[in-house]
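As stored in query.txt (compact mmCIF, C-alpha atoms (C1' of nucleotides)):
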# COMPACT_ATOMS: atom_id res chain seq x y z
CA MET A 103 13.92 15.44 4.75
CA PRO A 104 11.13 16.07 5.61
CA GLU A 105 9.72 18.22 2.84
CA GLY A 106 7.63 21.27 3.69
CA HIS A 107 4.56 19.35 4.75
CA THR A 108 6.53 17.70 7.53
CA VAL A 109 7.77 21.00 8.87
CA HIS A 110 4.28 22.49 8.94
CA ARG A 111 3.16 19.46 10.89
CA LEU A 112 6.02 19.93 13.28
CA ALA A 113 5.09 23.54 13.87
CA ARG A 114 1.56 22.49 14.72
CA THR A 115 2.78 19.74 17.03
CA LEU A 116 5.21 21.97 18.90
CA THR A 117 2.61 24.68 19.29
CA GLY A 118 0.11 22.15 20.60
CA LEU A 119 2.54 20.69 23.07
CA PHE A 120 4.23 23.78 24.43
CA ALA A 121 2.57 27.05 23.48
CA GLY A 122 2.25 29.39 26.45
CA GLU A 123 4.64 27.45 28.62
CA PRO A 124 8.07 28.39 29.86
CA LEU A 125 10.45 25.67 28.72
CA ALA A 126 13.67 24.23 29.92
CA VAL A 127 15.97 24.34 26.92
CA ARG A 128 19.11 22.22 26.85
CA SER A 129 21.62 20.82 24.41
CA PRO A 130 22.47 17.34 25.69
CA GLN A 131 24.90 16.94 22.81
CA GLY A 132 26.57 20.22 23.75
CA ARG A 133 26.78 21.74 20.29
CA PHE A 134 23.95 24.16 21.02
CA ASP A 135 24.85 25.10 24.58
CA ALA A 136 25.11 28.82 23.85
CA GLY A 137 21.79 28.96 22.03
CA ALA A 138 20.06 26.88 24.65
CA ALA A 139 21.23 29.27 27.34
CA LEU A 140 19.63 32.15 25.45
CA LEU A 141 16.27 30.41 25.39
CA ASP A 142 16.23 28.52 28.66
CA GLY A 143 13.28 29.50 30.79
CA ALA A 144 11.61 31.56 28.07
CA THR A 145 8.03 30.97 27.07
CA LEU A 146 7.33 29.30 23.76
CA VAL A 147 4.70 31.50 22.18
CA GLY A 148 4.22 29.29 19.15
CA ALA A 149 5.87 27.66 16.17
CA GLU A 150 5.43 28.33 12.49
CA ALA A 151 6.80 27.01 9.22
CA TRP A 152 7.82 28.53 5.94
CA GLY A 153 8.80 25.89 3.47
CA LYS A 154 11.35 23.68 5.20
CA GLN A 155 12.19 26.30 7.81
CA LEU A 156 10.80 25.91 11.30
CA PHE A 157 10.57 28.99 13.51
CA CYS A 158 9.74 28.82 17.21
CA ARG A 159 9.00 32.10 18.94
CA PHE A 160 10.21 32.54 22.48
CA ASP A 161 9.33 35.42 24.76
CA ALA A 162 11.32 36.13 27.85
CA ARG A 163 9.76 38.64 30.19
CA GLY A 164 11.20 42.02 29.45
CA ALA A 165 13.55 40.80 26.76
CA GLU A 166 13.19 41.02 23.01
CA GLU A 167 11.56 38.04 21.41
CA ARG A 168 13.85 35.34 20.08
CA TRP A 169 13.29 32.87 17.30
CA LEU A 170 14.69 29.38 17.22
CA ARG A 171 15.28 28.51 13.58
CA VAL A 172 15.59 24.82 12.73
CA HIS A 173 16.23 23.24 9.37
CA LEU A 174 16.15 19.46 9.40
CA GLY A 175 18.24 18.94 6.29
CA LEU A 176 18.33 15.40 4.97
CA TYR A 177 18.07 13.51 8.21
CA GLY A 178 17.13 15.79 11.02
CA ALA A 179 14.29 14.59 13.21
CA TRP A 180 12.28 15.45 16.28
CA THR A 181 11.10 12.82 18.70
CA PHE A 182 8.55 13.37 21.41
CA ALA A 183 7.56 11.87 24.70
CA GLY A 184 5.16 13.01 27.33
CA ASP A 185 2.26 12.29 29.56
CA GLY A 186 -0.11 11.68 26.70
CA SER A 187 -2.21 14.75 27.38
CA ALA A 188 -1.56 15.93 23.85
CA ASP A 189 -2.05 13.81 20.78
CA VAL A 190 1.14 13.84 18.79
CA VAL A 191 2.97 11.83 16.25
CA HIS A 192 5.93 10.64 18.20
CA ALA A 193 8.59 11.11 15.60
CA ILE A 194 8.69 13.60 12.79
CA GLY A 195 11.55 13.99 10.45
CA ALA A 196 13.98 11.72 8.73
CA PRO A 197 12.29 8.60 7.39
CA ARG A 198 14.75 6.21 8.92
CA ARG A 199 13.89 7.22 12.38
CA ARG A 200 11.28 4.63 13.08
CA ILE A 201 11.83 4.05 16.75
CA GLY A 202 9.65 6.93 17.72
CA GLU A 203 6.85 5.72 15.55
CA ARG A 204 6.92 2.31 17.13
CA GLU A 205 6.59 4.03 20.45
CA THR A 206 3.26 5.33 19.25
CA ALA A 207 1.80 1.88 19.60
CA ALA A 208 4.05 0.67 22.38
CA PRO A 209 3.42 1.23 26.08
CA PRO A 210 5.29 4.15 27.64
CA ARG A 211 8.97 3.50 27.70
CA PRO A 212 10.29 2.56 31.14
CA PRO A 213 12.89 4.86 32.62
CA VAL A 214 16.38 4.09 31.46
CA SER A 215 18.62 2.66 34.17
CA GLY A 216 17.13 4.83 36.85
CA ALA A 217 18.90 7.86 35.45
CA ALA A 218 15.81 9.52 34.06
CA VAL A 219 14.64 12.68 35.67
CA PRO A 220 11.14 12.41 37.01
CA GLY A 221 8.72 14.68 35.25
CA PRO A 222 6.90 17.39 37.14
CA GLY A 223 3.75 15.34 37.11
CA THR A 224 0.39 16.71 36.15
CA GLY A 225 -2.04 15.13 38.50
CA SER A 226 -3.54 12.91 35.85
CA GLY A 227 -0.54 11.65 34.00
CA GLU A 228 2.71 10.74 35.62
CA TRP A 229 5.52 10.39 33.20
CA GLU A 230 9.22 9.88 33.18
CA VAL A 231 11.37 12.12 31.09
CA PRO A 232 13.38 9.75 28.90
CA GLU A 233 17.12 9.97 28.58
CA PRO A 234 18.19 11.74 25.39
CA ARG A 235 18.74 9.13 22.73
CA GLY A 236 21.59 9.67 20.31
CA ALA A 237 23.04 13.06 19.50
CA VAL A 238 20.34 15.40 20.74
CA ARG A 239 21.10 18.95 19.67
CA VAL A 240 18.18 20.53 21.46
CA ARG A 241 15.82 19.32 24.11
CA LEU A 242 12.67 21.30 24.87
CA LEU A 243 11.15 20.28 28.14
CA GLY A 244 7.74 21.41 29.26
CA GLU A 245 5.30 20.30 31.90
CA HIS A 246 3.59 17.67 29.81
CA ALA A 247 6.07 16.75 27.13
CA VAL A 248 9.62 16.74 25.88
CA ALA A 249 10.87 17.22 22.34
CA ASP A 250 14.33 16.17 21.17
CA LEU A 251 15.97 17.37 17.98
CA THR A 252 18.72 15.36 16.27
CA GLY A 253 20.73 15.89 13.13
CA PRO A 254 19.54 19.31 11.95
CA THR A 255 21.35 21.18 9.23
CA ALA A 256 20.57 24.43 10.99
CA CYS A 257 19.69 25.25 14.56
CA GLU A 258 20.19 28.80 15.73
CA VAL A 259 18.66 31.64 17.72
CA LEU A 260 17.62 34.66 15.70
CA THR A 261 16.39 38.18 16.31
CA PRO A 262 13.18 39.21 14.56
CA ALA A 263 15.23 41.05 11.94
CA GLU A 264 17.34 37.99 11.28
CA LYS A 265 14.26 35.83 10.95
CA ALA A 266 12.83 38.29 8.43
CA ALA A 267 16.07 38.11 6.46
CA VAL A 268 15.75 34.33 6.20
CA GLU A 269 12.16 34.62 5.04
CA ASP A 270 13.13 37.22 2.46
CA ARG A 271 15.16 34.59 0.67
CA LEU A 272 12.29 32.10 0.47
CA GLY A 273 9.84 31.71 -2.35
CA PRO A 274 6.10 31.33 -1.91
CA ASP A 275 4.96 28.37 0.21
CA PRO A 276 1.97 26.42 -1.14
CA ILE A 277 1.02 25.30 2.37
CA ARG A 278 0.81 28.70 4.00
CA PRO A 279 -2.73 30.01 3.79
CA ASP A 280 -1.66 33.08 1.84
CA GLY A 281 1.20 31.31 0.11
CA GLY A 282 3.57 33.66 1.89
CA ARG A 283 2.79 36.36 -0.66
CA GLY A 284 -0.34 37.89 0.77
CA SER A 285 -2.70 35.71 -1.22
CA LEU A 286 -2.58 32.39 -2.99
CA GLN A 287 -3.19 34.16 -6.28
CA ALA A 288 -0.22 36.43 -5.75
CA ALA A 289 1.90 33.46 -4.69
CA ARG A 290 1.00 31.55 -7.83
CA ALA A 291 1.74 34.53 -10.02
CA ALA A 292 5.13 34.95 -8.39
CA PHE A 293 5.95 31.28 -8.94
CA VAL A 294 4.88 31.30 -12.57
CA ALA A 295 6.75 34.50 -13.34
CA ARG A 296 9.93 33.34 -11.66
CA VAL A 297 10.11 29.94 -13.32
CA GLY A 298 9.12 31.37 -16.68
CA ARG A 299 11.90 33.89 -16.91
CA SER A 300 14.78 31.45 -16.38
CA ARG A 301 16.53 29.03 -18.68
CA VAL A 302 17.26 26.71 -15.75
CA THR A 303 15.32 23.47 -16.09
CA VAL A 304 11.96 23.38 -14.42
CA GLY A 305 13.13 20.27 -12.56
CA GLN A 306 15.96 22.20 -10.93
CA GLN A 307 13.87 25.28 -10.24
CA LEU A 308 11.30 23.28 -8.31
CA MET A 309 14.08 22.32 -5.88
CA ASP A 310 15.14 25.94 -5.47
CA GLN A 311 13.68 27.23 -2.21
CA ALA A 312 13.74 30.77 -3.56
CA VAL A 313 11.41 29.70 -6.36
CA VAL A 314 8.98 27.71 -4.26
CA ALA A 315 9.49 26.89 -0.59
CA GLY A 316 8.94 23.42 0.78
CA VAL A 317 9.19 21.31 -2.35
CA GLY A 318 11.71 18.46 -2.10
CA ASN A 319 12.72 15.58 -4.29
CA ILE A 320 9.47 13.66 -3.95
CA TYR A 321 7.05 16.51 -4.63
CA ARG A 322 9.33 17.70 -7.44
CA ALA A 323 9.21 14.38 -9.24
CA GLU A 324 5.55 13.69 -8.58
CA VAL A 325 4.12 17.07 -9.46
CA LEU A 326 5.98 17.14 -12.75
CA PHE A 327 4.66 13.71 -13.60
CA ARG A 328 1.09 14.67 -12.75
CA ALA A 329 1.40 17.74 -14.94
CA GLY A 330 2.97 15.77 -17.79
CA VAL A 331 5.89 18.19 -17.90
CA ASP A 332 9.43 17.20 -18.88
CA PRO A 333 11.71 18.04 -15.94
CA LEU A 334 14.57 18.89 -18.27
CA LEU A 335 12.63 21.60 -20.08
CA PRO A 336 13.97 25.10 -19.44
CA GLY A 337 11.56 27.01 -17.25
CA ARG A 338 10.97 29.66 -19.88
CA ASP A 339 9.82 26.98 -22.32
CA VAL A 340 7.12 25.61 -20.03
CA PRO A 341 3.72 27.04 -20.93
CA ALA A 342 2.38 29.35 -18.24
CA GLU A 343 -0.78 27.25 -17.98
CA ASP A 344 1.35 24.25 -17.08
CA LEU A 345 3.15 26.22 -14.41
CA GLU A 346 -0.18 27.37 -13.00
CA ARG A 347 -1.38 23.77 -12.89
CA ILE A 348 1.84 22.73 -11.18
CA TRP A 349 1.39 25.40 -8.50
CA ASP A 350 -2.26 24.51 -7.95
CA ASP A 351 -1.34 20.85 -7.70
CA LEU A 352 1.38 21.60 -5.16
CA VAL A 353 -1.19 23.41 -3.04
CA VAL A 354 -3.41 20.34 -3.05
CA LEU A 355 -0.70 17.71 -2.63
CA MET A 356 1.35 19.48 0.01
CA ARG A 357 -1.61 20.50 2.13
CA ASP A 358 -2.82 16.93 1.99
CA GLY A 359 0.63 15.82 3.07
CA ALA A 360 0.60 18.28 5.97
CA ALA A 361 -2.81 16.99 7.05
CA THR A 362 -2.03 13.28 6.85
CA GLY A 363 1.71 13.14 7.45
CA ARG A 364 2.24 11.23 4.23
CA ILE A 365 2.94 12.02 0.63
CA VAL A 366 0.49 10.25 -1.61
CA THR A 367 0.29 11.44 -5.20
CA THR A 368 -1.20 8.49 -7.05
CA ARG A 369 -4.82 8.55 -8.07
CA PRO A 370 -6.77 5.48 -6.99
CA GLU A 371 -7.10 4.14 -10.53
CA HIS A 372 -3.33 4.04 -10.87
CA ARG A 373 -2.56 2.32 -7.63
CA ASP A 374 -3.24 -1.32 -8.29
CA ASP A 375 0.09 -2.65 -9.35
CA GLY A 376 -0.75 -6.08 -8.07
CA GLY A 377 1.10 -5.42 -4.86
CA ALA A 378 4.38 -5.47 -6.73
CA PRO A 379 7.24 -4.75 -4.40
CA ASP A 380 9.67 -1.99 -5.03
CA ALA A 381 11.90 -4.10 -7.24
CA ARG A 382 14.80 -1.68 -7.08
CA ASP A 383 15.52 -1.93 -3.44
CA GLY A 384 15.74 -5.67 -3.12
CA THR A 385 13.34 -5.70 -0.22
CA ALA A 386 10.63 -7.59 -2.03
CA SER A 387 10.58 -10.33 0.58
CA LEU A 388 10.42 -8.02 3.54
CA GLY A 389 6.75 -7.21 3.35
CA PRO A 390 4.84 -4.07 2.62
CA ASP A 391 5.95 -2.04 5.59
CA ARG A 392 9.66 -2.63 5.27
CA ARG A 393 10.42 -1.30 1.86
CA ARG A 394 13.04 1.28 1.22
CA THR A 395 10.64 4.11 0.65
CA ARG A 396 8.94 4.69 3.92
CA GLN A 397 6.87 7.48 5.28
CA ASN A 398 6.17 8.96 8.60
CA THR A 399 2.59 7.95 8.82
CA ASP A 400 -0.05 8.14 11.37
CA ASP A 401 -1.16 4.62 12.20
CA ASP A 402 -3.87 4.62 9.62
CA PRO A 403 -4.79 1.13 8.45
CA ASP A 404 -6.49 2.59 5.42
CA ALA A 405 -3.38 4.38 4.31
CA VAL A 406 -2.21 3.76 0.79
CA PRO A 407 0.71 1.32 0.91
CA ALA A 408 4.02 3.07 0.48
CA HIS A 409 4.80 1.21 -2.72
CA GLU A 410 1.65 2.58 -4.33
CA ALA A 411 1.96 6.15 -3.14
CA PHE A 412 4.15 7.53 -5.94
CA TYR A 413 4.13 7.62 -9.72
CA VAL A 414 7.86 7.92 -10.33
CA TYR A 415 9.83 8.63 -7.16
CA HIS A 416 12.19 5.70 -6.49
CA ARG A 417 10.52 3.76 -9.30
CA ASP A 418 13.26 3.93 -11.92
CA GLY A 419 13.27 0.82 -14.07
CA LEU A 420 9.72 -0.07 -13.09
CA PRO A 421 6.93 0.37 -15.60
CA CYS A 422 5.18 3.72 -15.55
CA ARG A 423 1.82 3.34 -13.81
CA VAL A 424 0.12 5.05 -16.71
CA CYS A 425 1.89 3.99 -19.91
CA GLY A 426 4.15 1.11 -18.91
CA THR A 427 7.36 2.70 -20.13
CA PRO A 428 10.24 2.17 -17.70
CA VAL A 429 10.67 5.10 -15.33
CA LEU A 430 13.91 7.00 -15.88
CA LEU A 431 16.55 8.14 -13.40
CA LYS A 432 19.15 10.83 -13.85
CA GLU A 433 21.35 12.70 -11.45
CA LEU A 434 20.63 16.39 -11.77
CA ALA A 435 22.46 18.94 -9.67
CA GLY A 436 23.44 16.26 -7.21
CA ARG A 437 19.97 14.88 -6.66
CA ASN A 438 18.21 11.92 -8.21
CA LEU A 439 15.53 12.89 -10.68
CA PHE A 440 12.82 10.39 -11.60
CA TRP A 441 10.45 10.78 -14.52
CA CYS A 442 8.61 9.04 -17.33
CA GLY A 443 10.11 9.88 -20.69
CA ALA A 444 6.87 9.08 -22.47
CA CYS A 445 4.26 10.76 -20.26
CA GLN A 446 6.43 13.80 -19.65
CA SER A 447 7.42 15.16 -23.04
C1' DC B 74 32.32 -3.94 11.88
C1' DC B 75 31.87 -1.07 7.86
C1' DG B 76 29.97 1.25 3.81
C1' DT B 77 26.19 3.62 2.22
C1' DA B 78 21.93 5.98 1.31
C1' DA B 79 18.53 9.55 2.63
C1' DT B 80 12.60 13.60 1.18
C1' DG B 81 18.92 19.19 2.00
C1' DG B 82 21.80 22.99 1.49
C1' DA B 83 26.03 26.05 2.13
C1' DC B 84 30.12 27.27 0.12
C1' DA B 85 34.20 27.37 -3.01
C1' DG B 86 35.86 27.96 -7.55
C1' DT C 18 30.22 21.48 -10.66
C1' DG C 19 32.36 19.58 -6.67
C1' DT C 20 33.04 19.16 -1.54
C1' DC C 21 31.60 19.10 2.86
C1' DC C 22 28.42 18.82 6.81
C1' DC C 23 24.73 16.83 9.84
C1' DT C 24 22.92 11.53 11.92
C1' DT C 25 20.77 7.18 11.69
C1' DA C 26 19.59 2.47 10.24
C1' DC C 27 20.25 -1.02 7.27
C1' DG C 28 22.56 -4.57 4.45
C1' DG C 29 26.59 -6.91 3.61
C1' DT C 30 30.93 -8.75 5.30

Please render this file's structure as structure tokens.
Amino acid sequence: MPEGHTVHRLARTLTGLFAGEPLAVRSPQGRFDAGAALLDGATLVGAEAWGKQLFCRFDARGAEERWLRVHLGLYGAWTFAGDGSADVVHAIGAPRRRIGERETAAPPRPPVSGAAVPGPGTGSGEWEVPEPRGAVRVRLLGEHAVADLTGPTACEVLTPAEKAAVEDRLGPDPIRPDGGRGSLQAARAAFVARVGRSRVTVGQQLMDQAVVAGVGNIYRAEVLFRAGVDPLLPGRDVPAEDLERIWDDLVVLMRDGAATGRIVTTRPEHRDDGGAPDARDGTASLGPDRRRTRQNTDDDPDAVPAHEAFYVYHRDGLPCRVCGTPVLLKELAGRNLFWCGACQS
DNA sequence: CCGTAATGGACAG
DNA sequence: TGTCCCTTACGGT
């Protein structure tokens, strides 16, 4: 997925597109019919993120507020279309979903086989509401835009109490202004204390959303490399100063990711690998934008090429950017862990 | 056409 | 630790 930075971006996008508007809520796929009925016609007050959890607040006149909770899981994604009155990235979520991103540069998609419902129209921008594409769990339709959700791990309507219960199980979030613990200092202290009192490896704990919310496999691998910490070290054996540096680095890296839509962890001096392709994925001949590791990027020509964005993630077998030792790969708790055995020891 | 990977997580035992 | 779920796009046949 979509690590935490993506979800924070999504919250901002949804708020920008829909906040203050009553929305038509549907489940074209049918699996969310009951939930959609609860929300249909309610006003989207705003969206927020905590780690990888997305919460959209709906107010229906006279009724108690409702929260739509969405978790994208490994391959959930939102795609957007609209009249262009709001500036949005057109697809956010699973990396394979590139169609939406191409639409960013492409002219507005023509209506599909005349079946599309005409949009309400806004005076300035006429637009056609596109047919749902694929298995759309939820469609949010407003005056100026439509948002389609596919493939989520979780999609449900919650009461305020139920939303609070979900949040209670989440660790501090480096992207939230107060870290989700009242202040960034308190959030860092909570993280350091929690990791430091467990024998579970620091590599596993970083993937535990109760320890720190929003970190996924990429940030896990990259932040440990940047800190020079061995992922297999038990948390209690990692010096507190290292854990503090890891937290502070997550704040920087993840907020940068939320701002740009990309994860880039390499420092400029470590990026020039001569344009070497990602040798592992056998896509060397496909060109720089078709490698296995792809990002949801804004169309920024100055963006760091994907194959130079990481130190170790998906680079097993390739020489470490810093010391040249081959990057290691090991399956840990069902997920691939990448690290440099020399730099991280 | 089919198998598989993918930045995740819940649940059983 | 293993199993299952969610969906898409890609490479290989």

Neighbours of DA83 of chain B within 10 Å (all atoms listed in the file; same-chain residues fewer than 2 positions away dropped), as a PDB file with C-alpha atoms (C1' of nucleotides), keeping the file's coordinate frame?
ATOM      1  CA  THR A 255      21.350  21.180   9.230  1.00  0.00           C
TER       2      THR A 255
ATOM      3  C1'  DG B  81      18.920  19.190   2.000  1.00  0.00           C
ATOM      4  C1'  DA B  85      34.200  27.370  -3.010  1.00  0.00           C
TER       5       DA B  85
ATOM      6  C1'  DC C  21      31.600  19.100   2.860  1.00  0.00           C
ATOM      7  C1'  DC C  22      28.420  18.820   6.810  1.00  0.00           C
TER       8       DC C  22
END

Per residue of chain B within 9 Å of chain A, record the nearest atom pair and its distance in Å to one decimal, counting all atoms listed in the file, with rows in chain order and ascending residue number, as CSV.
residue,atom,partner,partner_atom,distance
B:DA79,C1',A:Leu176,CA,6.3
B:DT80,C1',A:Met103,CA,4.2
B:DG81,C1',A:Gly175,CA,4.4
B:DG82,C1',A:Gly175,CA,7.2

Considering only C-alpha atoms (C1' of nucleotides), extract the chain C residues located within 7 Å of chain A and return them as a PyMOL selection string.
-> chain C and resi 23-26

Would you kindly return, as a ChimeraX atom specification, each protein, DNA or RNA residue with an atom no farther than 12 Å from any atom of DT30 of chain C, considering only C-alpha atoms (C1' of nucleotides) and excluding same-chain residues fewer than 4 positions away?
-> /B:74-76

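If you look at atom CA of Gly305 of chain A and atom CA of Arg347 of chain A, they are 14.9 Å away from each other.
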
Please measure the separation of atom CA of Glu150 of chain A and atom CA of Val304 of chain A, giving the value in Å to one decimal.
-> 28.1 Å

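From atom CA of Ala183 of chain A back to atom CA of Trp169 of chain A, the distance works out to 23.0 Å.
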
Quick one: everything within 10 Å of Pro336 of chain A, counting all atoms listed in the file, minus sequence neighbours fewer than 2 positions away in the same chain. Send it as a ChimeraX atom specification.
-> /A:297-307,332-334,338-340

Go ahead and write the selection's residues with C-alpha atoms as a short mmCIF file (atom, residue, chain, number, x, y, z; two decimals), in the frame of the given file.
data_model
loop_
_atom_site.label_atom_id
_atom_site.label_comp_id
_atom_site.auth_asym_id
_atom_site.auth_seq_id
_atom_site.Cartn_x
_atom_site.Cartn_y
_atom_site.Cartn_z
CA VAL A 297 10.11 29.94 -13.32
CA GLY A 298 9.12 31.37 -16.68
CA ARG A 299 11.90 33.89 -16.91
CA SER A 300 14.78 31.45 -16.38
CA ARG A 301 16.53 29.03 -18.68
CA VAL A 302 17.26 26.71 -15.75
CA THR A 303 15.32 23.47 -16.09
CA VAL A 304 11.96 23.38 -14.42
CA GLY A 305 13.13 20.27 -12.56
CA GLN A 306 15.96 22.20 -10.93
CA GLN A 307 13.87 25.28 -10.24
CA ASP A 332 9.43 17.20 -18.88
CA PRO A 333 11.71 18.04 -15.94
CA LEU A 334 14.57 18.89 -18.27
CA ARG A 338 10.97 29.66 -19.88
CA ASP A 339 9.82 26.98 -22.32
CA VAL A 340 7.12 25.61 -20.03
#

Anything within 6 Å of (1.8, 9.1, -11.6): list those residues as a PyMOL selection string, counting only C-alpha atoms (C1' of nucleotides) and sticking to the file's coordinates.
-> chain A and resi 327-328+368+413

May I have the protein, DNA and RNA residues with an atom at most 9 Å from (1.4, 31.9, -0.9), counting only C-alpha atoms (C1' of nucleotides) in the file's coordinates, returned as an MDAnalysis selection string?
-> chainID A and resid 273:290 292

Kindly export the residues of the current selection with C-alpha atoms, as an mmCIF file, in the frame of the given file.
data_model
loop_
_atom_site.group_PDB
_atom_site.id
_atom_site.type_symbol
_atom_site.label_atom_id
_atom_site.label_comp_id
_atom_site.auth_asym_id
_atom_site.auth_seq_id
_atom_site.Cartn_x
_atom_site.Cartn_y
_atom_site.Cartn_z
ATOM 1 C CA GLY A 273 9.840 31.710 -2.350
ATOM 2 C CA PRO A 274 6.100 31.330 -1.910
ATOM 3 C CA ASP A 275 4.960 28.370 0.210
ATOM 4 C CA PRO A 276 1.970 26.420 -1.140
ATOM 5 C CA ILE A 277 1.020 25.300 2.370
ATOM 6 C CA ARG A 278 0.810 28.700 4.000
ATOM 7 C CA PRO A 279 -2.730 30.010 3.790
ATOM 8 C CA ASP A 280 -1.660 33.080 1.840
ATOM 9 C CA GLY A 281 1.200 31.310 0.110
ATOM 10 C CA GLY A 282 3.570 33.660 1.890
ATOM 11 C CA ARG A 283 2.790 36.360 -0.660
ATOM 12 C CA GLY A 284 -0.340 37.890 0.770
ATOM 13 C CA SER A 285 -2.700 35.710 -1.220
ATOM 14 C CA LEU A 286 -2.580 32.390 -2.990
ATOM 15 C CA GLN A 287 -3.190 34.160 -6.280
ATOM 16 C CA ALA A 288 -0.220 36.430 -5.750
ATOM 17 C CA ALA A 289 1.900 33.460 -4.690
ATOM 18 C CA ARG A 290 1.000 31.550 -7.830
ATOM 19 C CA ALA A 292 5.130 34.950 -8.390
#
